[in-house]
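Heads up, final-v4.cif below (mmCIF, C-alpha atoms):
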```
data_protein
loop_
_atom_site.group_PDB
_atom_site.id
_atom_site.type_symbol
_atom_site.label_atom_id
_atom_site.label_comp_id
_atom_site.auth_asym_id
_atom_site.auth_seq_id
_atom_site.Cartn_x
_atom_site.Cartn_y
_atom_site.Cartn_z
ATOM 1 C CA PRO B 122 62.317 -147.193 -247.619
ATOM 2 C CA PRO B 123 61.224 -146.708 -244.013
ATOM 3 C CA PRO B 124 61.034 -143.138 -242.729
ATOM 4 C CA PRO B 125 64.157 -141.904 -240.981
ATOM 5 C CA PRO B 126 64.126 -142.252 -237.212
ATOM 6 C CA PRO B 127 63.408 -139.199 -235.125
ATOM 7 C CA PRO B 128 66.429 -137.450 -233.653
ATOM 8 C CA PRO B 129 67.642 -138.964 -230.383
ATOM 9 C CA PRO B 130 66.523 -137.240 -227.216
ATOM 10 C CA PRO B 131 69.005 -134.962 -225.427
ATOM 11 C CA HIS B 132 69.799 -137.781 -223.030
ATOM 12 C CA THR B 133 69.952 -141.353 -224.329
ATOM 13 C CA PRO B 134 70.553 -143.364 -221.162
ATOM 14 C CA LEU B 135 70.434 -146.864 -222.597
ATOM 15 C CA LEU B 136 73.016 -146.754 -225.373
ATOM 16 C CA THR B 137 75.101 -144.092 -227.033
ATOM 17 C CA ARG B 138 73.538 -141.648 -229.469
ATOM 18 C CA ALA B 139 75.615 -143.233 -232.226
ATOM 19 C CA HIS B 140 73.500 -146.380 -231.956
ATOM 20 C CA HIS B 141 70.194 -144.535 -231.989
ATOM 21 C CA THR B 142 69.275 -145.373 -235.598
ATOM 22 C CA TYR B 143 69.840 -149.085 -235.043
ATOM 23 C CA THR B 144 67.984 -148.965 -231.744
ATOM 24 C CA PHE B 145 64.977 -147.386 -233.449
ATOM 25 C CA ALA B 146 64.941 -149.913 -236.298
ATOM 26 C CA LEU B 147 65.601 -153.160 -234.427
ATOM 27 C CA PRO B 148 62.088 -153.861 -233.087
ATOM 28 C CA GLN B 149 60.578 -153.264 -236.544
ATOM 29 C CA ASP B 150 63.089 -155.296 -238.536
ATOM 30 C CA ARG B 151 61.791 -158.838 -239.230
ATOM 31 C CA SER B 152 65.219 -159.913 -240.439
ATOM 32 C CA ILE B 153 66.525 -159.652 -236.868
ATOM 33 C CA GLY B 154 64.200 -162.516 -236.011
ATOM 34 C CA GLU B 155 64.935 -164.472 -239.179
ATOM 35 C CA LYS B 156 68.652 -164.224 -238.465
ATOM 36 C CA ARG B 157 68.192 -165.052 -234.749
ATOM 37 C CA LEU B 158 70.479 -162.145 -233.787
ATOM 38 C CA ALA B 159 68.561 -161.500 -230.574
ATOM 39 C CA SER B 160 66.784 -164.797 -229.930
ATOM 40 C CA MET B 161 69.901 -166.979 -230.210
ATOM 41 C CA PRO B 162 71.950 -165.183 -227.530
ATOM 42 C CA ASP B 163 68.814 -164.966 -225.406
ATOM 43 C CA ARG B 164 68.411 -168.737 -225.645
ATOM 44 C CA VAL B 165 71.934 -169.216 -224.313
ATOM 45 C CA THR B 166 72.131 -166.498 -221.641
ATOM 46 C CA ASN B 167 68.559 -165.826 -220.499
ATOM 47 C CA THR B 168 68.582 -168.292 -217.611
ATOM 48 C CA ILE B 169 71.769 -170.308 -217.152
ATOM 49 C CA HIS B 170 71.674 -173.500 -215.112
ATOM 50 C CA THR B 171 74.818 -173.852 -213.040
ATOM 51 C CA ARG B 172 76.358 -176.754 -211.203
ATOM 52 C CA GLY B 173 74.544 -177.543 -208.003
ATOM 53 C CA GLY B 174 71.101 -176.843 -209.458
ATOM 54 C CA SER B 175 71.003 -173.047 -209.144
ATOM 55 C CA VAL B 176 70.345 -170.585 -211.983
ATOM 56 C CA SER B 177 71.862 -167.263 -213.037
ATOM 57 C CA CYS B 178 69.696 -164.801 -214.983
ATOM 58 C CA ARG B 179 70.800 -162.165 -217.462
ATOM 59 C CA PRO B 180 69.644 -158.682 -216.407
ATOM 60 C CA THR B 181 66.591 -158.360 -218.650
ATOM 61 C CA VAL B 182 62.842 -157.855 -218.447
ATOM 62 C CA ILE B 183 62.029 -161.272 -219.952
ATOM 63 C CA ASN B 184 63.282 -163.599 -217.227
ATOM 64 C CA CYS B 185 63.322 -163.858 -213.435
ATOM 65 C CA TYR B 186 66.320 -161.612 -212.775
ATOM 66 C CA GLU B 187 65.984 -160.402 -209.192
ATOM 67 C CA GLY B 188 68.079 -157.230 -209.347
ATOM 68 C CA ASP B 189 66.864 -153.658 -209.778
ATOM 69 C CA LEU B 190 65.986 -152.724 -213.373
ATOM 70 C CA GLY B 191 64.471 -149.397 -212.394
ATOM 71 C CA SER B 192 66.599 -147.350 -214.797
ATOM 72 C CA GLY B 193 68.650 -147.800 -217.928
ATOM 73 C CA ASP B 194 71.804 -146.753 -216.114
ATOM 74 C CA LYS B 195 71.391 -149.395 -213.400
ATOM 75 C CA TRP B 196 70.554 -152.056 -215.984
ATOM 76 C CA TRP B 197 73.564 -151.250 -218.197
ATOM 77 C CA VAL B 198 76.054 -151.621 -215.342
ATOM 78 C CA GLU B 199 74.573 -154.958 -214.312
ATOM 79 C CA TRP B 200 74.265 -156.206 -217.887
ATOM 80 C CA LYS B 201 77.933 -155.603 -218.691
ATOM 81 C CA GLN B 202 79.003 -157.183 -215.411
ATOM 82 C CA PHE B 203 76.920 -160.284 -216.087
ATOM 83 C CA MET B 204 77.901 -160.793 -219.723
ATOM 84 C CA PHE B 205 81.612 -159.995 -219.568
ATOM 85 C CA ALA B 206 82.815 -160.436 -215.979
ATOM 86 C CA THR B 207 80.672 -162.988 -214.170
ATOM 87 C CA GLN B 208 82.237 -166.456 -214.064
ATOM 88 C CA LEU B 209 79.681 -169.277 -213.980
ATOM 89 C CA ALA B 210 80.252 -172.955 -213.237
ATOM 90 C CA THR B 211 78.378 -174.933 -215.876
ATOM 91 C CA GLY B 212 78.667 -178.474 -217.144
ATOM 92 C CA ASP B 213 81.067 -181.015 -215.720
ATOM 93 C CA GLY B 214 84.477 -180.453 -214.184
ATOM 94 C CA ASP B 215 85.755 -177.407 -212.348
ATOM 95 C CA SER B 216 85.857 -174.908 -215.198
ATOM 96 C CA LYS B 217 83.968 -171.615 -215.231
ATOM 97 C CA THR B 218 82.973 -169.391 -218.124
ATOM 98 C CA ARG B 219 81.566 -165.945 -218.836
ATOM 99 C CA PRO B 220 78.085 -165.767 -220.426
ATOM 100 C CA ALA B 221 79.455 -163.853 -223.434
ATOM 101 C CA ALA B 222 81.843 -166.739 -224.087
ATOM 102 C CA MET B 223 78.922 -169.169 -224.229
ATOM 103 C CA LEU B 224 77.543 -167.660 -227.440
ATOM 104 C CA LYS B 225 77.876 -169.752 -230.597
ATOM 105 C CA PRO B 226 78.248 -168.558 -234.198
ATOM 106 C CA ILE B 227 75.036 -168.404 -236.227
ATOM 107 C CA LYS B 228 75.441 -170.579 -239.308
ATOM 108 C CA ARG B 229 74.007 -169.726 -242.731
ATOM 109 C CA ALA B 230 73.369 -173.440 -243.251
ATOM 110 C CA LYS B 231 70.710 -173.313 -240.538
ATOM 111 C CA TYR B 232 69.533 -169.717 -240.951
ATOM 112 C CA PRO B 233 69.785 -168.763 -244.649
ATOM 113 C CA ALA B 234 68.798 -165.143 -243.984
ATOM 114 C CA VAL B 235 72.257 -164.609 -242.448
ATOM 115 C CA SER B 236 74.778 -163.278 -244.951
ATOM 116 C CA ALA B 237 78.336 -164.592 -245.165
ATOM 117 C CA GLU B 238 79.592 -161.347 -243.645
ATOM 118 C CA GLU B 239 77.086 -161.558 -240.796
ATOM 119 C CA GLU B 240 78.005 -165.175 -240.151
ATOM 120 C CA ALA B 241 81.658 -164.181 -239.826
ATOM 121 C CA MET B 242 80.832 -161.496 -237.235
ATOM 122 C CA SER B 243 77.815 -163.237 -235.683
ATOM 123 C CA LEU B 244 79.246 -163.301 -232.152
ATOM 124 C CA PRO B 245 79.642 -159.522 -231.745
ATOM 125 C CA LEU B 246 76.421 -158.981 -233.719
ATOM 126 C CA GLN B 247 74.521 -161.196 -231.284
ATOM 127 C CA THR B 248 76.031 -159.407 -228.311
ATOM 128 C CA LEU B 249 75.102 -155.972 -229.673
ATOM 129 C CA SER B 250 71.605 -157.053 -230.738
ATOM 130 C CA GLN B 251 70.944 -158.602 -227.351
ATOM 131 C CA ALA B 252 72.086 -155.452 -225.551
ATOM 132 C CA ILE B 253 69.875 -153.232 -227.702
ATOM 133 C CA PHE B 254 66.891 -155.550 -227.372
ATOM 134 C CA ASP B 255 67.217 -155.692 -223.580
ATOM 135 C CA ALA B 256 67.748 -151.924 -223.408
ATOM 136 C CA ILE B 257 64.577 -151.252 -225.380
ATOM 137 C CA LEU B 258 62.518 -153.435 -223.055
ATOM 138 C CA VAL B 259 63.927 -151.771 -219.930
ATOM 139 C CA HIS B 260 63.150 -148.365 -221.433
ATOM 140 C CA ILE B 261 59.580 -149.363 -222.345
ATOM 141 C CA VAL B 262 58.569 -150.825 -218.997
ATOM 142 C CA ASN B 263 60.082 -147.969 -217.004
ATOM 143 C CA SER B 264 58.334 -145.476 -219.269
ATOM 144 C CA VAL B 265 54.888 -147.011 -218.802
ATOM 145 C CA SER B 266 55.409 -147.880 -215.126
ATOM 146 C CA PRO B 267 57.751 -145.262 -213.669
ATOM 147 C CA SER B 268 56.683 -146.201 -210.129
ATOM 148 C CA GLY B 269 58.416 -149.567 -210.518
ATOM 149 C CA ARG B 270 55.192 -151.530 -209.996
ATOM 150 C CA TRP B 271 56.110 -153.593 -213.068
ATOM 151 C CA GLN B 272 59.061 -155.116 -211.214
ATOM 152 C CA GLN B 273 56.827 -156.338 -208.395
ATOM 153 C CA LEU B 274 54.345 -157.828 -210.871
ATOM 154 C CA ARG B 275 57.145 -159.572 -212.750
ATOM 155 C CA GLN B 276 58.486 -161.172 -209.570
ATOM 156 C CA GLU B 277 54.995 -162.373 -208.668
ATOM 157 C CA MET B 278 54.664 -163.955 -212.122
ATOM 158 C CA CYS B 279 58.064 -165.589 -211.783
ATOM 159 C CA ASP B 280 57.093 -167.078 -208.427
ATOM 160 C CA ALA B 281 53.883 -168.459 -209.899
ATOM 161 C CA LEU B 282 55.140 -169.706 -213.271
ATOM 162 C CA ASN B 283 58.930 -169.980 -213.514
ATOM 163 C CA ARG B 284 60.859 -170.526 -210.341
ATOM 164 C CA HIS B 285 59.229 -173.887 -209.672
ATOM 165 C CA LYS B 286 58.929 -174.937 -213.310
ATOM 166 C CA ASP B 287 60.974 -178.145 -212.987
ATOM 167 C CA THR B 288 59.066 -179.164 -209.868
ATOM 168 C CA ARG B 289 55.738 -178.564 -211.606
ATOM 169 C CA THR B 290 56.888 -180.377 -214.758
ATOM 170 C CA LEU B 291 57.920 -183.397 -212.697
ATOM 171 C CA GLU B 292 54.562 -183.332 -210.894
ATOM 172 C CA ILE B 293 52.751 -183.434 -214.252
ATOM 173 C CA LEU B 294 54.938 -186.299 -215.492
ATOM 174 C CA GLN B 295 54.360 -188.204 -212.270
ATOM 175 C CA GLN B 296 50.632 -187.579 -211.815
ATOM 176 C CA THR B 297 49.302 -187.246 -215.370
ATOM 177 C CA TYR B 298 51.689 -189.469 -217.309
ATOM 178 C CA GLY B 299 52.724 -191.825 -214.525
ATOM 179 C CA THR B 300 51.378 -194.926 -216.305
ATOM 180 C CA THR B 301 52.869 -194.070 -219.709
ATOM 181 C CA ASP B 302 55.349 -196.634 -221.022
ATOM 182 C CA ALA B 303 57.701 -194.175 -222.723
ATOM 183 C CA VAL B 304 57.940 -190.379 -222.615
ATOM 184 C CA PHE B 305 59.906 -188.482 -225.252
ATOM 185 C CA LEU B 306 61.297 -185.189 -223.928
ATOM 186 C CA GLN B 307 62.988 -182.372 -225.852
ATOM 187 C CA GLU B 308 64.742 -179.120 -224.907
ATOM 188 C CA ALA B 309 65.425 -180.290 -221.358
ATOM 189 C CA ALA B 310 68.173 -178.685 -219.294
ATOM 190 C CA ALA B 311 70.978 -181.002 -218.221
ATOM 191 C CA SER B 312 70.006 -180.335 -214.614
ATOM 192 C CA PHE B 313 66.482 -181.607 -215.344
ATOM 193 C CA ARG B 314 67.909 -185.070 -215.941
ATOM 194 C CA THR B 315 69.279 -185.087 -212.391
ATOM 195 C CA SER B 316 65.996 -183.828 -210.944
ATOM 196 C CA ALA B 317 63.996 -186.367 -212.949
ATOM 197 C CA ALA B 318 66.215 -189.218 -211.766
ATOM 198 C CA LYS B 319 65.633 -188.205 -208.130
ATOM 199 C CA ARG B 320 61.876 -187.698 -208.489
ATOM 200 C CA LEU B 321 60.953 -190.344 -211.076
ATOM 201 C CA GLY B 322 63.880 -192.742 -210.935
ATOM 202 C CA GLY B 323 61.954 -195.364 -208.986
ATOM 203 C CA ARG B 324 59.408 -195.668 -211.778
ATOM 204 C CA TYR B 325 61.354 -194.634 -214.865
ATOM 205 C CA ILE B 326 64.744 -195.169 -216.420
ATOM 206 C CA VAL B 327 65.882 -191.607 -217.197
ATOM 207 C CA ALA B 328 67.894 -192.105 -220.372
ATOM 208 C CA ALA B 329 70.077 -189.405 -221.954
ATOM 209 C CA PRO B 330 72.694 -189.256 -224.725
ATOM 210 C CA SER B 331 76.278 -189.840 -223.677
ATOM 211 C CA THR B 332 77.092 -186.193 -224.408
ATOM 212 C CA LEU B 333 74.719 -183.593 -222.985
ATOM 213 C CA ASP B 334 74.572 -180.031 -224.266
ATOM 214 C CA THR B 335 75.285 -177.720 -221.312
ATOM 215 C CA SER B 336 75.756 -174.575 -223.415
ATOM 216 C CA ARG B 337 72.351 -174.108 -225.053
ATOM 217 C CA ASP B 338 71.115 -176.520 -222.342
ATOM 218 C CA GLN B 339 68.530 -178.108 -224.628
ATOM 219 C CA ASN B 340 68.614 -181.884 -224.601
ATOM 220 C CA SER B 341 66.432 -184.699 -225.848
ATOM 221 C CA LEU B 342 65.746 -187.380 -223.218
ATOM 222 C CA LEU B 343 63.666 -190.516 -222.749
ATOM 223 C CA LEU B 344 61.718 -191.797 -219.749
ATOM 224 C CA LEU B 345 61.196 -195.578 -219.910
ATOM 225 C CA ARG B 346 59.113 -197.545 -217.427
ATOM 226 C CA ARG B 347 61.337 -199.778 -215.355
ATOM 227 C CA ASP B 348 58.797 -202.582 -215.148
ATOM 228 C CA LEU B 349 58.630 -202.759 -218.957
ATOM 229 C CA PHE B 350 62.095 -201.939 -220.298
ATOM 230 C CA LEU B 351 65.415 -203.570 -219.462
ATOM 231 C CA GLU B 352 67.989 -200.994 -218.380
ATOM 232 C CA ALA B 353 70.824 -203.431 -219.097
ATOM 233 C CA SER B 354 69.796 -203.515 -222.769
ATOM 234 C CA LEU B 355 70.253 -199.758 -223.405
ATOM 235 C CA VAL B 356 72.617 -198.883 -226.250
ATOM 236 C CA ASP B 357 73.111 -195.235 -227.294
ATOM 237 C CA ARG B 358 73.062 -195.017 -231.119
ATOM 238 C CA THR B 359 73.071 -191.231 -231.340
ATOM 239 C CA GLU B 360 76.636 -190.771 -232.573
ATOM 240 C CA GLU B 361 76.123 -193.454 -235.210
ATOM 241 C CA VAL B 362 73.417 -191.272 -236.721
ATOM 242 C CA MET B 363 75.090 -187.906 -236.089
ATOM 243 C CA LYS B 364 78.260 -188.839 -237.957
ATOM 244 C CA THR B 365 76.260 -189.349 -241.167
ATOM 245 C CA PHE B 366 75.361 -185.643 -241.370
ATOM 246 C CA ASP B 367 77.421 -183.152 -243.324
ATOM 247 C CA ARG B 368 78.016 -179.612 -242.061
ATOM 248 C CA ASN B 369 74.886 -178.332 -243.832
ATOM 249 C CA VAL B 370 72.543 -180.329 -241.614
ATOM 250 C CA PRO B 371 71.706 -178.031 -238.682
ATOM 251 C CA VAL B 372 71.632 -180.569 -235.854
ATOM 252 C CA ALA B 373 73.268 -179.409 -232.630
ATOM 253 C CA PRO B 374 74.469 -181.597 -229.753
ATOM 254 C CA GLY B 375 71.490 -182.506 -227.595
ATOM 255 C CA ASP B 376 68.891 -182.164 -230.365
ATOM 256 C CA LEU B 377 68.808 -185.889 -231.158
ATOM 257 C CA PHE B 378 68.848 -188.980 -228.947
ATOM 258 C CA VAL B 379 68.670 -192.436 -230.529
ATOM 259 C CA LEU B 380 68.425 -195.413 -228.190
ATOM 260 C CA GLN B 381 68.335 -199.160 -228.673
ATOM 261 C CA VAL B 382 66.387 -200.999 -225.944
ATOM 262 C CA ASP B 383 64.579 -204.275 -225.280
ATOM 263 C CA ASP B 384 61.500 -204.792 -223.129
ATOM 264 C CA THR B 385 60.836 -207.474 -220.535
ATOM 265 C CA LEU B 386 58.991 -209.585 -223.116
ATOM 266 C CA GLY B 387 62.039 -209.663 -225.365
ATOM 267 C CA ARG B 388 60.671 -207.197 -227.921
ATOM 268 C CA PRO B 389 63.430 -205.022 -229.447
ATOM 269 C CA TYR B 390 62.970 -201.295 -230.083
ATOM 270 C CA LEU B 391 64.803 -198.370 -231.615
ATOM 271 C CA LEU B 392 63.647 -195.114 -230.004
ATOM 272 C CA ALA B 393 64.455 -191.603 -231.207
ATOM 273 C CA SER B 394 63.725 -188.286 -229.462
ATOM 274 C CA PHE B 395 64.373 -185.235 -231.644
ATOM 275 C CA HIS B 396 64.002 -181.458 -231.359
ATOM 276 C CA GLY B 397 63.834 -179.972 -234.860
ATOM 277 C CA ASP B 398 64.975 -176.484 -235.815
ATOM 278 C CA THR B 399 62.435 -173.722 -236.429
ATOM 279 C CA ASN B 400 62.835 -173.764 -240.204
ATOM 280 C CA GLY B 401 62.527 -177.537 -240.417
ATOM 281 C CA LEU B 402 65.796 -177.844 -242.344
ATOM 282 C CA ALA B 403 67.014 -180.780 -240.257
ATOM 283 C CA THR B 404 63.783 -182.770 -240.096
ATOM 284 C CA ILE B 405 64.070 -184.690 -243.372
ATOM 285 C CA PRO B 406 67.818 -185.484 -243.043
ATOM 286 C CA VAL B 407 67.311 -186.701 -239.476
ATOM 287 C CA LEU B 408 64.283 -188.819 -240.389
ATOM 288 C CA GLU B 409 66.195 -190.315 -243.310
ATOM 289 C CA ALA B 410 69.266 -191.075 -241.178
ATOM 290 C CA VAL B 411 67.252 -192.648 -238.356
ATOM 291 C CA THR B 412 65.119 -194.738 -240.726
ATOM 292 C CA ALA B 413 68.302 -195.841 -242.513
ATOM 293 C CA LEU B 414 69.651 -197.065 -239.173
ATOM 294 C CA ALA B 415 66.328 -198.785 -238.474
ATOM 295 C CA ALA B 416 66.519 -200.500 -241.881
ATOM 296 C CA ARG B 417 69.820 -202.081 -240.806
ATOM 297 C CA MET B 418 68.079 -203.349 -237.671
ATOM 298 C CA PRO B 419 64.829 -204.769 -239.144
ATOM 299 C CA GLU B 420 64.074 -206.780 -236.017
ATOM 300 C CA ARG B 421 63.586 -203.543 -234.040
ATOM 301 C CA ARG B 422 60.407 -201.479 -234.010
ATOM 302 C CA LEU B 423 61.145 -197.789 -234.570
ATOM 303 C CA ILE B 424 59.289 -195.238 -232.433
ATOM 304 C CA PHE B 425 60.144 -191.607 -233.197
ATOM 305 C CA GLY B 426 59.178 -188.680 -230.936
ATOM 306 C CA LEU B 427 59.519 -185.356 -232.788
ATOM 307 C CA ASP B 428 59.150 -181.828 -231.419
#
```
Show this structure as structure tokens.
Amino acid sequence: PPPPPPPPPPHTPLLTRAHHTYTFALPQDRSIGEKRLASMPDRVTNTIHTRGGSVSCRPTVINCYEGDLGSGDKWWVEWKQFMFATQLATGDGDSKTRPAAMLKPIKRAKYPAVSAEEEAMSLPLQTLSQAIFDAILVHIVNSVSPSGRWQQLRQEMCDALNRHKDTRTLEILQQTYGTTDAVFLQEAAASFRTSAAKRLGGRYIVAAPSTLDTSRDQNSLLLLRRDLFLEASLVDRTEEVMKTFDRNVPVAPGDLFVLQVDDTLGRPYLLASFHGDTNGLATIPVLEAVTALAARMPERRLIFGLD
């Protein structure tokens, strides 16, 4: 068994002393990663794309949050406000939601390391694990850089690498892949589809499944050259494939996009863009389901783009 944690310091500013043992063990516990207790809520709440093209960042070291993270006390106030009180406009319509309400249960079918008990309480477990993980990072960086220089460096990195990510991605697609016939994209934010249509729409058909995932905000898309493919021939076959899966196949909305399309020479295609899960549990069922659909459409050439 691992050695017991040292006693908590007289002042534990990030979380209560009662949580000290868990706080000490979390960074060293590989099962936290296997169960996705910190990475899953981070995926959903790290950087949330809102209607209108703006983003809202969770107060944490590992994104481009612009507020002051100079102490655990400041961070904790902002973190609770963001997760439980802030109302964000995401997706379609006029509704708003709190980031904590955007979390989804972690299913044993997709992550076998999760016990049945943990699956049942996975929402509060994710929230707690995320808070502890963020608290540890805030404590570390303020300990090694008490002057706050780390915050300035982080903002400079965000300016260089993150804040213009979509613009840079579109530049690469336009300049490096501008003559490509078909581009298979995965894990794209719903807002990226809108940006791509504005920037690349003259050259490419920006095709997306009828239902986009705006919660995890990870969607599979296709870019098809307008001078080669016929937009009027597009038929979304995604739901036809999705409905063949039972509840044990870990495919989330947005992971798979299956499209029927013809080109200007009359050649028929079946295209599939798919983002597989980390453990690969969905890869074989998805491949089998898509190839089964292709077998019922033998006149169409199947092209499968897999991430």
Straight-line distance linking atom CA of Ser160 of chain B with atom CA of Glu409 of chain B, stated in Å to one decimal: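 Those two atoms sit 28.8 Å apart.
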Proximity to Leu349 of chain B - best of B:Ala311, B:Val407, B:Ala303, B:Leu294, only C-alpha atoms: B:Ala303
Nearest to His396 of chain B, chosen from B:Leu344, B:Leu306, B:Met278, B:Leu423, with only C-alpha atoms counted in the distances: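 Checking each candidate against His396 of chain B, we get B:Leu306 as the closest.
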Residue IDs satisfying the PyMOL selection byres ((chain B and resi 241-255) around 6), as a count of residues only: 11
For segment 353-355 of chain B: contacts at 8 Å, only C-alpha atoms, fewer than 5 positions along chain excluded, given as a list of chain:residue names: B:Leu380, B:Gln381, B:Val382, B:Asp383
What does the PyMOL selection byres ((chain B and resi 233) around 12) select in this file, as a compact mmCIF listing (two decimals) with C-alpha atoms, in the frame of the given file?
```txt
# COMPACT_ATOMS: atom_id res chain seq x y z
CA SER B 152 65.22 -159.91 -240.44
CA GLU B 155 64.94 -164.47 -239.18
CA LYS B 156 68.65 -164.22 -238.46
CA ARG B 157 68.19 -165.05 -234.75
CA ILE B 227 75.04 -168.40 -236.23
CA LYS B 228 75.44 -170.58 -239.31
CA ARG B 229 74.01 -169.73 -242.73
CA ALA B 230 73.37 -173.44 -243.25
CA LYS B 231 70.71 -173.31 -240.54
CA TYR B 232 69.53 -169.72 -240.95
CA ALA B 234 68.80 -165.14 -243.98
CA VAL B 235 72.26 -164.61 -242.45
CA SER B 236 74.78 -163.28 -244.95
CA ALA B 237 78.34 -164.59 -245.16
CA GLU B 239 77.09 -161.56 -240.80
CA GLU B 240 78.00 -165.18 -240.15
CA ASN B 369 74.89 -178.33 -243.83
CA PRO B 371 71.71 -178.03 -238.68
CA ASN B 400 62.84 -173.76 -240.20
CA LEU B 402 65.80 -177.84 -242.34
```
Residues matched by the PyMOL selection byres ((chain B and resi 179) around 8) as number ranges by chain: B: 166-168, 177-178, 180-181, 184, 186, 200, 203-204
Distance criterion (only C-alpha atoms): nearest to Asp302 of chain B out of B:Ala210, B:Ala413, B:Val356, B:Leu345: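 Of all the options, B:Leu345 lies closest to Asp302 of chain B.
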Atomic separation - atom CA of Pro267 of chain B relative to atom CA of Lys195 of chain B, Å: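 Computing the Euclidean distance for atom CA of Lys195 of chain B and atom CA of Pro267 of chain B yields 14.3 Å.
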One-decimal distance in Å that lies between atom CA of Leu342 of chain B and atom CA of Val304 of chain B: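 That distance, rounded to one decimal, is 8.4 Å.
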Expected answer as a VMD selection string: all residues with atoms within 10 Å of (73.3, -186.6, -221.1), only C-alpha atoms: chain B and resid 310 to 312 314 to 315 327 to 335 340 to 342 375 378
Nearest residue to Asp189 of chain B from the set B:Gly269, B:Pro220, B:Gly212, B:Gly154 (distances using only C-alpha atoms):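 The closest residue to Asp189 of chain B is B:Gly269.
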Pick from B:Leu190, B:Ala393, B:Leu414, B:Val372 nearest to Trp271 of chain B, counting only C-alpha atoms: B:Leu190
Contacts of segment 281-291 of chain B at 9 Å (only C-alpha atoms; same-chain gap of 5+ positions) as an MDAnalysis selection string: chainID B and resid 184:185 276 296 313 316:317 320:321
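Shortest separation to Val362 of chain B among B:Val411, B:Ile424, B:Val165, B:Leu391 occurs at residue B:Val411, atoms counted being all atoms listed in the file.
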